[in-house]
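Chemist: Sharing a structure, written as structure tokens. Questions coming.
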Amino acid sequence: IGSSSPRLNDEAILARAVSEQRVLITEDNDFCELAIARGQPHCGIIRIAAVRPDRYIAAVLDLLVTEREETIVTTIYVIEPGSWRRHEA
């Protein structure tokens with residue numbers, strides 16, 4: 001969303017992802033903060049932290065084939081090199 005609408009702020013990007021029922025994949029921790037601390041609704045957030053860009057797709061695919069869809073759309077994930085963790089919000 002950010003690349004197609006670069007002027008949207010984080011709240012608007014997260015709201016748009018919800019309205020389109022999309023999981024948000026990001027490097028920006030602000031989206032996790034919005035969902036956890038401020039309780040802003042989401043349809044799943046996958047935050048990529050300290051993962052080399054050439055490993056993004058493999059890291060996300062590893063999570064997607066491991067987790068169930070109904071869990072992904074209610075959960076915040078943080079992907080780190082070699083692992084991922086979840087925070088249910």
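How things are named: the first chain in the structure tokens is A, the next is B, and so on; residues count from 1 in each chain; ligands count from 1 in the order shown.
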Please identify all polymer residues within 12 Å of Leu64 of chain A, counting only C-alpha atoms, omitting same-chain residues fewer than 5 positions from it, and present them as a PyMOL selection string.

Modeler: chain A and resi 23+25+44+46+57-59+69-73+77+79+84

Chemist: Give me, as a list in words, all polymer residues having an atom no more than 7 Å from Glu27 of chain A, counting only C-alpha atoms and skipping those fewer than 6 positions away in the same chain.

Modeler: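 The residues satisfying every condition are Arg47, Ile48 and Ala49 of chain A.
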
Chemist: So, with only C-alpha atoms as the atoms that count, which of A:Ile76, A:Gly82, A:Asp10, A:Asp62 lies closest to Asp28 of chain A?

Modeler: A:Asp10

Chemist: So that I can check the surroundings of Ala15 of chain A, please list as a list of chain:residue names every protein, DNA and RNA residue that reaches within 9 Å of it, counting only C-alpha atoms and ignoring chain neighbours fewer than 6 positions away.

Modeler: A:Gln40, A:Pro41, A:His42

Chemist: Between A:Thr75, A:Thr66, A:Asn29, A:Gln21, which residue has the minimum interatomic distance to Ile45 of chain A, considering only C-alpha atoms?

Modeler: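 For Ile45 of chain A, the nearest of the given residues is A:Thr75.
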
Chemist: Please return as number ranges by chain: the residues of chain A that backbone DSSP assigns to strand (DSSP E or B).

Modeler: A: 24-26, 45-48, 75-80, 83-88

Chemist: I'd like the neighbourhood of Arg22 of chain A as a list in words, where a residue qualifies if any of its atoms comes within 8 Å (using only C-alpha atoms), though same-chain residues fewer than 3 positions away should be ignored.

Modeler: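 What passes the distance filter is Ala17, Val18, Ser19, Cys43 and Gly44 of chain A.
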
Chemist: Quick check, in Å to one decimal: how far apart do atom CA of Arg55 of chain A and atom CA of Glu80 of chain A lie?

Modeler: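 Between these atoms lies a distance of 10.4 Å.
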
Chemist: If you measure from atom CA of Pro81 of chain A to atom CA of Tyr56 of chain A, what distance in Å do you get, rounded to one decimal?

Modeler: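 Atom-to-atom, atom CA of Pro81 of chain A to atom CA of Tyr56 of chain A, that is 9.7 Å.
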